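Data block for my_file20.tsv (TSV, C-alpha atoms):
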```tsv
chain	number	residue	atom	x	y	z
A	30	MET	CA	26.07	-15.91	-42.22
A	31	THR	CA	28.95	-15.56	-39.82
A	32	THR	CA	32.55	-16.51	-39.19
A	33	THR	CA	33.26	-20.11	-38.24
A	34	LEU	CA	35.95	-21.03	-35.73
A	35	PHE	CA	37.46	-24.48	-36.17
A	36	THR	CA	39.41	-25.69	-33.14
A	37	ASP	CA	39.85	-28.79	-31.02
A	38	LEU	CA	41.20	-29.77	-27.61
A	39	ALA	CA	43.36	-32.38	-29.33
A	40	CYS	CA	45.55	-29.60	-30.72
A	41	ALA	CA	46.65	-28.78	-27.17
A	42	GLN	CA	47.91	-32.32	-26.69
A	43	HIS	CA	50.88	-31.75	-29.00
A	44	GLN	CA	53.49	-31.10	-26.29
A	45	PRO	CA	57.06	-30.17	-27.22
A	46	PRO	CA	59.74	-30.02	-24.51
A	47	GLU	CA	59.44	-27.67	-21.56
A	48	GLY	CA	60.41	-24.14	-22.59
A	49	HIS	CA	59.66	-24.67	-26.29
A	50	PRO	CA	58.03	-21.55	-27.79
A	51	GLU	CA	55.39	-23.49	-29.76
A	52	ARG	CA	53.56	-24.66	-26.65
A	53	PRO	CA	49.96	-25.57	-25.76
A	54	ALA	CA	49.57	-22.27	-23.88
A	55	ARG	CA	49.48	-20.54	-27.27
A	56	LEU	CA	46.20	-22.21	-28.14
A	57	GLU	CA	44.84	-21.65	-24.65
A	58	ALA	CA	45.57	-17.93	-25.05
A	59	VAL	CA	43.60	-17.90	-28.30
A	60	TRP	CA	40.65	-19.71	-26.73
A	61	GLN	CA	40.60	-17.27	-23.83
A	62	ALA	CA	40.80	-14.27	-26.16
A	63	LEU	CA	37.83	-15.52	-28.19
A	64	ASN	CA	35.71	-16.33	-25.14
A	65	GLY	CA	34.22	-12.88	-24.56
A	66	PRO	CA	30.73	-11.65	-25.44
A	67	ALA	CA	31.98	-10.01	-28.63
A	68	PHE	CA	32.55	-13.51	-30.00
A	69	ALA	CA	29.27	-15.08	-28.93
A	70	GLY	CA	28.24	-15.11	-32.59
A	71	LEU	CA	31.13	-17.30	-33.72
A	72	ASP	CA	30.02	-20.60	-35.22
A	73	ARG	CA	32.32	-22.95	-33.25
A	74	ARG	CA	33.02	-26.37	-34.75
A	75	LYS	CA	35.34	-29.29	-34.16
A	76	PRO	CA	37.25	-30.35	-37.26
A	77	ARG	CA	37.68	-33.74	-38.87
A	78	GLU	CA	40.88	-35.74	-38.65
A	79	ALA	CA	42.83	-35.49	-41.90
A	80	SER	CA	43.68	-38.83	-43.47
A	81	ASP	CA	47.02	-39.99	-44.81
A	82	ASP	CA	45.55	-39.50	-48.29
A	83	ALA	CA	44.90	-35.85	-47.48
A	84	PHE	CA	48.48	-35.36	-46.30
A	85	ALA	CA	49.62	-36.99	-49.56
A	86	LEU	CA	48.08	-34.17	-51.59
A	87	VAL	CA	51.35	-32.33	-50.83
A	88	HIS	CA	53.65	-34.80	-49.09
A	89	PRO	CA	54.84	-38.01	-50.80
A	90	PRO	CA	53.39	-41.20	-49.27
A	91	ALA	CA	56.82	-42.24	-47.97
A	92	TYR	CA	57.09	-38.95	-46.07
A	93	VAL	CA	53.61	-39.34	-44.61
A	94	GLU	CA	54.42	-42.88	-43.53
A	95	ALA	CA	57.67	-41.77	-41.91
A	96	ILE	CA	55.98	-39.04	-39.85
A	97	VAL	CA	53.09	-41.31	-38.84
A	98	ASN	CA	55.51	-44.03	-37.80
A	99	ALA	CA	57.66	-41.57	-35.86
A	100	ALA	CA	54.81	-40.69	-33.48
A	101	PRO	CA	55.77	-42.00	-30.02
A	102	ASN	CA	53.57	-43.81	-27.54
A	103	THR	CA	55.50	-42.22	-24.68
A	104	GLY	CA	58.09	-39.49	-24.34
A	105	LEU	CA	59.32	-37.23	-27.11
A	106	VAL	CA	60.82	-37.81	-30.55
A	107	GLN	CA	62.94	-35.09	-32.15
A	108	ILE	CA	62.05	-34.77	-35.84
A	109	ASP	CA	64.46	-31.97	-36.70
A	110	GLY	CA	66.46	-29.36	-34.80
A	111	ASP	CA	63.43	-27.65	-33.27
A	112	THR	CA	60.50	-29.93	-34.20
A	113	PHE	CA	59.28	-32.63	-31.84
A	114	MET	CA	56.50	-35.19	-31.57
A	115	SER	CA	54.79	-36.27	-28.35
A	116	PRO	CA	52.11	-38.96	-28.00
A	117	GLY	CA	49.41	-36.41	-28.88
A	118	SER	CA	51.20	-34.82	-31.82
A	119	LEU	CA	49.88	-36.96	-34.67
A	120	ALA	CA	46.26	-36.52	-33.60
A	121	ALA	CA	46.86	-32.78	-33.25
A	122	ALA	CA	48.36	-32.62	-36.74
A	123	ARG	CA	45.41	-34.53	-38.19
A	124	LYS	CA	43.00	-32.09	-36.55
A	125	ALA	CA	45.06	-29.08	-37.66
A	126	THR	CA	44.97	-30.11	-41.30
A	127	GLY	CA	41.39	-31.34	-41.02
A	128	ALA	CA	40.33	-27.92	-39.79
A	129	VAL	CA	41.61	-26.21	-42.92
A	130	LEU	CA	39.96	-28.83	-45.13
A	131	ASP	CA	36.67	-28.24	-43.29
A	132	ALA	CA	37.15	-24.51	-43.69
A	133	VAL	CA	37.54	-24.97	-47.46
A	134	ASP	CA	34.37	-27.06	-47.55
A	135	LEU	CA	32.53	-24.33	-45.68
A	136	VAL	CA	33.60	-21.30	-47.67
A	137	MET	CA	33.13	-23.12	-50.97
A	138	THR	CA	29.56	-24.18	-50.18
A	139	ALA	CA	28.11	-21.55	-47.81
A	140	GLY	CA	27.94	-18.09	-49.31
A	141	GLY	CA	29.03	-15.14	-47.20
A	142	THR	CA	30.96	-17.25	-44.71
A	143	ASN	CA	34.64	-17.14	-43.75
A	144	ALA	CA	36.62	-19.17	-41.25
A	145	PHE	CA	39.53	-19.10	-38.81
A	146	CYS	CA	41.31	-22.30	-37.78
A	147	ALA	CA	42.78	-22.02	-34.26
A	148	VAL	CA	44.98	-25.10	-34.41
A	149	ARG	CA	48.49	-26.33	-33.85
A	150	PRO	CA	51.07	-27.52	-34.76
A	151	PRO	CA	51.58	-24.88	-37.44
A	152	GLY	CA	52.36	-25.90	-41.01
A	153	HIS	CA	53.92	-23.38	-43.34
A	154	HIS	CA	57.55	-24.46	-42.84
A	155	ALA	CA	56.86	-28.12	-43.69
A	156	GLU	CA	58.24	-28.78	-47.18
A	157	PRO	CA	56.90	-31.66	-49.26
A	158	ASN	CA	59.80	-33.88	-48.18
A	159	ARG	CA	60.96	-32.23	-44.96
A	160	PRO	CA	59.51	-31.33	-41.55
A	161	MET	CA	60.98	-28.22	-39.98
A	162	GLY	CA	60.31	-25.08	-37.99
A	163	PHE	CA	57.80	-26.67	-35.55
A	164	CYS	CA	55.81	-28.00	-38.57
A	165	LEU	CA	54.98	-31.60	-39.54
A	166	PHE	CA	52.45	-31.27	-42.38
A	167	ASN	CA	51.74	-28.18	-44.47
A	168	SER	CA	48.04	-27.75	-43.72
A	169	ILE	CA	47.43	-24.71	-45.89
A	170	ALA	CA	49.18	-26.12	-48.95
A	171	ILE	CA	47.21	-29.34	-48.51
A	172	ALA	CA	43.99	-27.31	-48.32
A	173	ALA	CA	44.83	-25.49	-51.55
A	174	ARG	CA	45.31	-28.77	-53.41
A	175	TYR	CA	42.16	-30.14	-51.77
A	176	ALA	CA	40.12	-27.18	-53.07
A	177	GLN	CA	41.34	-27.91	-56.57
A	178	GLN	CA	40.59	-31.63	-56.28
A	179	GLU	CA	37.24	-31.52	-54.49
A	180	PHE	CA	35.66	-28.37	-55.88
A	181	GLY	CA	37.34	-27.89	-59.25
A	182	VAL	CA	38.80	-24.60	-58.04
A	183	GLU	CA	41.30	-23.47	-60.63
A	184	ARG	CA	43.33	-20.81	-58.83
A	185	VAL	CA	44.12	-20.65	-55.10
A	186	ALA	CA	46.10	-17.86	-53.45
A	187	VAL	CA	47.83	-18.21	-50.08
A	188	VAL	CA	48.85	-14.98	-48.34
A	189	ASP	CA	51.22	-15.34	-45.38
A	190	PHE	CA	51.94	-12.51	-42.91
A	191	ASP	CA	53.86	-14.61	-40.38
A	192	VAL	CA	57.20	-13.03	-39.44
A	193	HIS	CA	58.98	-16.14	-40.79
A	194	HIS	CA	58.86	-16.96	-44.47
A	195	GLY	CA	56.71	-19.97	-45.35
A	196	ASN	CA	59.38	-21.89	-47.19
A	197	GLY	CA	57.27	-25.04	-47.20
A	198	THR	CA	54.29	-23.46	-48.92
A	199	GLN	CA	56.58	-21.77	-51.43
A	200	ALA	CA	58.29	-25.08	-52.18
A	201	ALA	CA	54.96	-26.87	-52.64
A	202	PHE	CA	53.68	-24.17	-55.02
A	203	TRP	CA	56.89	-23.38	-56.93
A	204	ASP	CA	56.08	-25.36	-60.09
A	205	GLU	CA	52.29	-24.88	-59.94
A	206	PRO	CA	51.15	-21.81	-61.93
A	207	ASN	CA	47.59	-22.09	-60.56
A	208	LEU	CA	48.78	-21.97	-56.94
A	209	PHE	CA	49.97	-18.55	-55.76
A	210	TYR	CA	51.99	-17.75	-52.64
A	211	ALA	CA	52.60	-14.24	-51.29
A	212	SER	CA	54.49	-13.42	-48.09
A	213	THR	CA	55.63	-10.55	-45.93
A	214	HIS	CA	58.30	-11.58	-43.44
A	215	GLN	CA	61.47	-10.42	-41.73
A	216	MET	CA	64.67	-10.99	-43.66
A	217	PRO	CA	67.29	-12.01	-42.66
A	218	LEU	CA	65.65	-14.51	-40.34
A	219	TYR	CA	64.86	-18.22	-40.16
A	220	PRO	CA	64.46	-20.13	-42.48
A	221	GLY	CA	66.56	-17.94	-44.80
A	222	THR	CA	64.28	-18.08	-47.84
A	223	GLY	CA	61.89	-15.45	-49.17
A	224	ALA	CA	63.97	-13.02	-51.21
A	225	ALA	CA	62.05	-10.80	-53.60
A	226	SER	CA	63.87	-12.51	-56.47
A	227	GLU	CA	62.19	-15.86	-55.63
A	228	ARG	CA	59.23	-15.77	-58.01
A	229	GLY	CA	58.36	-19.39	-58.87
A	230	ALA	CA	59.11	-21.50	-61.91
A	231	ASN	CA	56.90	-19.36	-64.16
A	232	GLY	CA	58.08	-16.11	-62.57
A	233	GLN	CA	54.56	-15.07	-61.56
A	234	ASN	CA	53.14	-17.33	-58.84
A	235	ILE	CA	55.46	-16.46	-55.94
A	236	CYS	CA	55.55	-12.94	-54.47
A	237	ASN	CA	57.85	-12.14	-51.55
A	238	ALA	CA	58.02	-8.77	-49.81
A	239	PRO	CA	60.78	-9.12	-47.20
A	240	LEU	CA	61.04	-6.54	-44.40
A	241	ARG	CA	64.18	-5.46	-42.59
A	242	PRO	CA	64.61	-6.11	-38.87
A	243	GLY	CA	62.97	-3.32	-36.91
A	244	ALA	CA	60.38	-2.57	-39.59
A	245	GLY	CA	57.03	-1.54	-38.20
A	246	SER	CA	53.56	-0.61	-39.36
A	247	ALA	CA	54.43	1.75	-42.20
A	248	PRO	CA	56.83	-0.57	-44.11
A	249	PHE	CA	54.51	-3.53	-43.52
A	250	ARG	CA	51.44	-1.70	-44.82
A	251	ALA	CA	53.40	-0.37	-47.79
A	252	ALA	CA	54.53	-3.90	-48.67
A	253	ILE	CA	50.96	-5.16	-48.49
A	254	GLU	CA	49.48	-2.27	-50.49
A	255	GLN	CA	52.21	-1.89	-53.09
A	256	THR	CA	53.45	-5.45	-53.61
A	257	ILE	CA	51.21	-8.16	-52.16
A	258	LEU	CA	47.70	-6.94	-52.96
A	259	PRO	CA	48.43	-5.97	-56.59
A	260	ALA	CA	49.99	-9.39	-57.16
A	261	VAL	CA	46.99	-11.19	-55.67
A	262	ARG	CA	44.62	-9.13	-57.79
A	263	ARG	CA	46.58	-9.95	-60.95
A	264	PHE	CA	46.37	-13.63	-60.07
A	265	ARG	CA	42.56	-13.45	-59.69
A	266	PRO	CA	42.13	-16.31	-57.20
A	267	ASP	CA	38.99	-18.38	-56.86
A	268	LEU	CA	39.82	-18.88	-53.17
A	269	VAL	CA	42.02	-16.99	-50.70
A	270	LEU	CA	43.74	-18.81	-47.84
A	271	VAL	CA	45.71	-16.97	-45.15
A	272	SER	CA	48.66	-18.18	-43.12
A	273	ALA	CA	47.89	-16.02	-40.09
A	274	GLY	CA	51.05	-15.80	-38.02
A	275	PHE	CA	51.12	-13.09	-35.36
A	276	ASP	CA	54.82	-13.18	-34.50
A	277	ALA	CA	55.57	-9.96	-36.38
A	278	HIS	CA	54.05	-8.20	-33.35
A	279	ALA	CA	56.45	-5.90	-31.48
A	280	ARG	CA	56.09	-8.01	-28.31
A	281	ASP	CA	57.06	-11.30	-29.94
A	282	PRO	CA	60.33	-12.81	-28.66
A	283	LEU	CA	61.37	-14.74	-31.78
A	284	ALA	CA	61.86	-11.90	-34.27
A	285	ASN	CA	62.45	-8.19	-34.66
A	286	LEU	CA	59.53	-6.61	-36.50
A	287	THR	CA	57.44	-4.08	-34.59
A	288	LEU	CA	53.90	-4.46	-35.84
A	289	GLN	CA	51.06	-3.35	-33.60
A	290	THR	CA	47.86	-5.23	-32.84
A	291	GLU	CA	45.80	-3.03	-35.14
A	292	ASP	CA	48.02	-3.94	-38.10
A	293	PHE	CA	46.57	-7.45	-38.04
A	294	GLY	CA	43.02	-6.15	-38.21
A	295	TRP	CA	44.05	-3.83	-41.04
A	296	VAL	CA	45.68	-6.56	-43.15
A	297	THR	CA	42.71	-8.86	-42.58
A	298	ARG	CA	40.42	-6.15	-43.90
A	299	GLN	CA	42.60	-5.67	-46.99
A	300	LEU	CA	42.61	-9.39	-47.73
A	301	MET	CA	38.85	-9.64	-47.26
A	302	ASP	CA	38.40	-6.78	-49.72
A	303	VAL	CA	40.45	-8.69	-52.31
A	304	ALA	CA	38.50	-11.87	-51.62
A	305	HIS	CA	35.23	-10.01	-52.16
A	306	GLU	CA	36.56	-8.55	-55.43
A	307	CYS	CA	37.94	-11.80	-56.81
A	308	CYS	CA	36.01	-14.73	-55.35
A	309	ASP	CA	32.79	-13.71	-53.59
A	310	GLY	CA	34.55	-13.36	-50.24
A	311	ARG	CA	35.75	-16.96	-50.08
A	312	LEU	CA	38.53	-16.74	-47.46
A	313	ALA	CA	39.79	-19.00	-44.69
A	314	SER	CA	42.75	-18.46	-42.36
A	315	VAL	CA	44.84	-20.74	-40.18
A	316	LEU	CA	46.98	-19.94	-37.17
A	317	GLU	CA	50.72	-20.17	-37.77
A	318	GLY	CA	53.16	-18.39	-35.40
A	319	GLY	CA	52.80	-15.99	-32.49
A	320	TYR	CA	54.73	-16.65	-29.29
A	321	ASP	CA	54.02	-13.80	-26.85
A	322	LEU	CA	50.73	-14.92	-25.32
A	323	GLN	CA	49.29	-11.45	-24.71
A	324	ALA	CA	50.20	-10.24	-28.18
A	325	LEU	CA	48.89	-13.44	-29.72
A	326	GLY	CA	45.53	-13.18	-27.99
A	327	ASP	CA	45.14	-9.49	-28.82
A	328	SER	CA	46.14	-10.02	-32.46
A	329	VAL	CA	43.76	-12.93	-32.93
A	330	VAL	CA	40.97	-10.74	-31.55
A	331	ALA	CA	41.81	-8.09	-34.15
A	332	HIS	CA	41.92	-10.70	-36.93
A	333	VAL	CA	38.72	-12.53	-36.04
A	334	SER	CA	36.81	-9.33	-35.29
A	335	GLU	CA	37.51	-8.17	-38.83
A	336	LEU	CA	36.51	-11.52	-40.30
A	337	MET	CA	33.22	-11.34	-38.39
A	338	SER	CA	32.56	-7.77	-39.52
A	339	GLN	CA	32.89	-8.77	-43.17
A	340	ALA	CA	31.07	-12.11	-43.14
A	341	GLY	CA	27.67	-12.17	-44.76
```
Since I need it in another form, could you write the structure as structure tokens?
Amino acid sequence: MTTTLFTDLACAQHQPPEGHPERPARLEAVWQALNGPAFAGLDRRKPREASDDAFALVHPPAYVEAIVNAAPNTGLVQIDGDTFMSPGSLAAARKATGAVLDAVDLVMTAGGTNAFCAVRPPGHHAEPNRPMGFCLFNSIAIAARYAQQEFGVERVAVVDFDVHHGNGTQAAFWDEPNLFYASTHQMPLYPGTGAASERGANGQNICNAPLRPGAGSAPFRAAIEQTILPAVRRFRPDLVLVSAGFDAHARDPLANLTLQTEDFGWVTRQLMDVAHECCDGRLASVLEGGYDLQALGDSVVAHVSELMSQAG
């Protein structure tokens, strides 16, 4: 078995205003980075389009209806301070969420396989009732609920190493003891959530390991090894999902952590080890942030190379 890449040209048709950091060139940089001979073995697939019912696994129907109805036929619609919709945005969002649903289907039914979803718009800032931070629908939270509904999975863990805290995923999981969210992120930084004291309604299903501005490889790896991984192991997930944001890289313009490319390969390897220990290697990841194109491409190469080395 091998690693499957879910991606679609439709995800490049979500076009925020000129100069916006979450731009189609991000996805193009990922495609180019994964186009070399080292990635000839990737199983490349186009994802389904997520339905309104799928979105409603996390977002109330009235919210889903409002976002669907906001999609413009021409021009741009501003959804919040930095989140926009263009004529291609709704289709892109359906493909982005559909990719993670397809990835869950794959890893739950095909032994020894993992997956990476190279899609946009990202999702982890979208709260159940609120779009924000470039995000319309919370694809990874939807996928966690989908795994529970479709496969009877009891416990799903989401690990998020984006430089920004995934407030939306945390909000969706807060009152759900069988859904676990763990995050490393810069703090203080947008969106302002993610303190270590935020632990979920039962005190055990949220685990935040904030990092100070300027933190690099050593503090990041210590947070993963000493805080995140032990918490995931205690949770004993039946499925591991990863919010793979690469904007903690030293080159990224939107934050102030100084991770290096190899840190993303390292953390992928650690998470795969936990997935093998807890759930027969069932792991899927989805692209979140990453805004320096060179750093994004290099970091995705490190991430996917490690997934491929541990598939099978």
Close residues, Ala95 in chain A itself excluded, 12 Å, only C-alpha atoms, min 5 positions apart in chain, as a PyMOL selection string: chain A and resi 81+88-90+100+108+119+158-160+165-166
Interface rows for range 38-154 of chain A against range 210-228 of chain A: nearest pair, Å to one decimal, 12 Å, only C-alpha atoms, as a tab-separated table:
```
residue	atom	partner	partner_atom	distance
A:Asp111	CA	A:Tyr219	CA	11.8
A:His153	CA	A:Tyr210	CA	11.0
A:His154	CA	A:Pro220	CA	8.2
```
Expected file contents, prior selection, C-alpha atoms, as an mmCIF file, in the coordinates of the input:
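selection-v1.cif, freshly written:
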```
data_model
loop_
_atom_site.group_PDB
_atom_site.id
_atom_site.type_symbol
_atom_site.label_atom_id
_atom_site.label_comp_id
_atom_site.auth_asym_id
_atom_site.auth_seq_id
_atom_site.Cartn_x
_atom_site.Cartn_y
_atom_site.Cartn_z
ATOM 1 C CA ASP A 111 63.430 -27.650 -33.270
ATOM 2 C CA HIS A 153 53.920 -23.380 -43.340
ATOM 3 C CA HIS A 154 57.550 -24.460 -42.840
#
```
Selected residue of minimal separation from Gly294 in chain A among A:Leu322, A:Val269, A:Val329, A:Ala120, counting only C-alpha atoms: A:Val329
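Relative to CA of His278 in chain A, CA of Thr290 in chain A is found at 6.9 Å.
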Spatial neighbours of Thr33 in chain A, max dist 7 Å, all atoms listed in the file, sep filter under 3 positions, as a PyMOL selection string: chain A and resi 71-73+143-145
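Residue nearest Leu135 in chain A, chosen from A:Met337, A:Pro76, A:Val87, A:Ala39 and counting all atoms listed in the file: A:Pro76.
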Where does range 261-333 of chain A meet range 41-65 of chain A within 12 Å, residue by residue, with the nearest atom pair and distance in Å to one decimal for each, counting only C-alpha atoms, listed by chain and rising number, as JSON lines?
```
{"residue": "A:Gly274", "atom": "CA", "partner": "A:Arg55", "partner_atom": "CA", "distance": 11.9}
{"residue": "A:Phe275", "atom": "CA", "partner": "A:Arg55", "partner_atom": "CA", "distance": 11.1}
{"residue": "A:Asp276", "atom": "CA", "partner": "A:Pro50", "partner_atom": "CA", "distance": 11.2}
{"residue": "A:Asp281", "atom": "CA", "partner": "A:Pro50", "partner_atom": "CA", "distance": 10.5}
{"residue": "A:Pro282", "atom": "CA", "partner": "A:Pro50", "partner_atom": "CA", "distance": 9.1}
{"residue": "A:Leu283", "atom": "CA", "partner": "A:Pro50", "partner_atom": "CA", "distance": 8.6}
{"residue": "A:Leu316", "atom": "CA", "partner": "A:Leu56", "partner_atom": "CA", "distance": 9.3}
{"residue": "A:Glu317", "atom": "CA", "partner": "A:Glu51", "partner_atom": "CA", "distance": 9.8}
{"residue": "A:Gly318", "atom": "CA", "partner": "A:Glu51", "partner_atom": "CA", "distance": 7.9}
{"residue": "A:Gly319", "atom": "CA", "partner": "A:Arg55", "partner_atom": "CA", "distance": 7.7}
{"residue": "A:Tyr320", "atom": "CA", "partner": "A:Pro50", "partner_atom": "CA", "distance": 6.1}
{"residue": "A:Asp321", "atom": "CA", "partner": "A:Arg55", "partner_atom": "CA", "distance": 8.1}
{"residue": "A:Leu322", "atom": "CA", "partner": "A:Ala58", "partner_atom": "CA", "distance": 6.0}
{"residue": "A:Gln323", "atom": "CA", "partner": "A:Ala58", "partner_atom": "CA", "distance": 7.5}
{"residue": "A:Ala324", "atom": "CA", "partner": "A:Ala58", "partner_atom": "CA", "distance": 9.5}
{"residue": "A:Leu325", "atom": "CA", "partner": "A:Val59", "partner_atom": "CA", "distance": 7.1}
{"residue": "A:Gly326", "atom": "CA", "partner": "A:Val59", "partner_atom": "CA", "distance": 5.1}
{"residue": "A:Asp327", "atom": "CA", "partner": "A:Ala62", "partner_atom": "CA", "distance": 7.0}
{"residue": "A:Ser328", "atom": "CA", "partner": "A:Val59", "partner_atom": "CA", "distance": 9.3}
{"residue": "A:Val329", "atom": "CA", "partner": "A:Val59", "partner_atom": "CA", "distance": 6.8}
{"residue": "A:Val330", "atom": "CA", "partner": "A:Ala62", "partner_atom": "CA", "distance": 6.4}
{"residue": "A:Ala331", "atom": "CA", "partner": "A:Ala62", "partner_atom": "CA", "distance": 10.2}
{"residue": "A:His332", "atom": "CA", "partner": "A:Leu63", "partner_atom": "CA", "distance": 10.8}
{"residue": "A:Val333", "atom": "CA", "partner": "A:Leu63", "partner_atom": "CA", "distance": 8.4}
```
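Taking CA of Ser272 in chain A and CA of Leu240 in chain A as endpoints, the distance between them is 17.0 Å.
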Selection near Val185 in chain A, 10 Å with all atoms listed in the file, sequence-local residues under 5 positions removed, as a ChimeraX atom specification: /A:170,172-174,176-177,206-210,261,264-270
Protein and nucleic acid residues near (54.1, -22.4, -55.4) (cut-off 10 Å, all atoms listed in the file) as a VMD selection string: chain A and resid 170 186 to 187 196 to 211 228 to 231 233 to 236
With C-alpha atoms retained, write the just-selected residues as a compact mmCIF listing (two decimals), keeping the file's coordinate frame.
```
# COMPACT_ATOMS: atom_id res chain seq x y z
CA ALA A 170 49.18 -26.12 -48.95
CA ALA A 186 46.10 -17.86 -53.45
CA VAL A 187 47.83 -18.21 -50.08
CA ASN A 196 59.38 -21.89 -47.19
CA GLY A 197 57.27 -25.04 -47.20
CA THR A 198 54.29 -23.46 -48.92
CA GLN A 199 56.58 -21.77 -51.43
CA ALA A 200 58.29 -25.08 -52.18
CA ALA A 201 54.96 -26.87 -52.64
CA PHE A 202 53.68 -24.17 -55.02
CA TRP A 203 56.89 -23.38 -56.93
CA ASP A 204 56.08 -25.36 -60.09
CA GLU A 205 52.29 -24.88 -59.94
CA PRO A 206 51.15 -21.81 -61.93
CA ASN A 207 47.59 -22.09 -60.56
CA LEU A 208 48.78 -21.97 -56.94
CA PHE A 209 49.97 -18.55 -55.76
CA TYR A 210 51.99 -17.75 -52.64
CA ALA A 211 52.60 -14.24 -51.29
CA ARG A 228 59.23 -15.77 -58.01
CA GLY A 229 58.36 -19.39 -58.87
CA ALA A 230 59.11 -21.50 -61.91
CA ASN A 231 56.90 -19.36 -64.16
CA GLN A 233 54.56 -15.07 -61.56
CA ASN A 234 53.14 -17.33 -58.84
CA ILE A 235 55.46 -16.46 -55.94
CA CYS A 236 55.55 -12.94 -54.47
```
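Across the structure, CA of Gly232 in chain A and CA of His193 in chain A are spaced 21.8 Å apart.
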Nearest residue to Leu336 in chain A from the set A:Gly195, A:Pro157, A:Gly310, A:Gly127 (distances using all atoms listed in the file):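 Residue with the minimum atom-to-atom distance to Leu336 in chain A: A:Gly310.
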Protein and nucleic acid residues near (41.7, -5.3, -48.9) (cut-off 12 Å, all atoms listed in the file) as a list in words: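 Protein, DNA and RNA residues close to (41.7, -5.3, -48.9): Arg250, Ile253, Glu254, Gln255, Ile257, Leu258, Pro259, Val261, Arg262, Val269, Gly294, Trp295, Val296, Thr297, Arg298, Gln299, Leu300, Met301, Asp302, Val303, Ala304, His305, Glu306, Cys307, Gly310, Leu312, Glu335, Leu336 and Gln339 of chain A.
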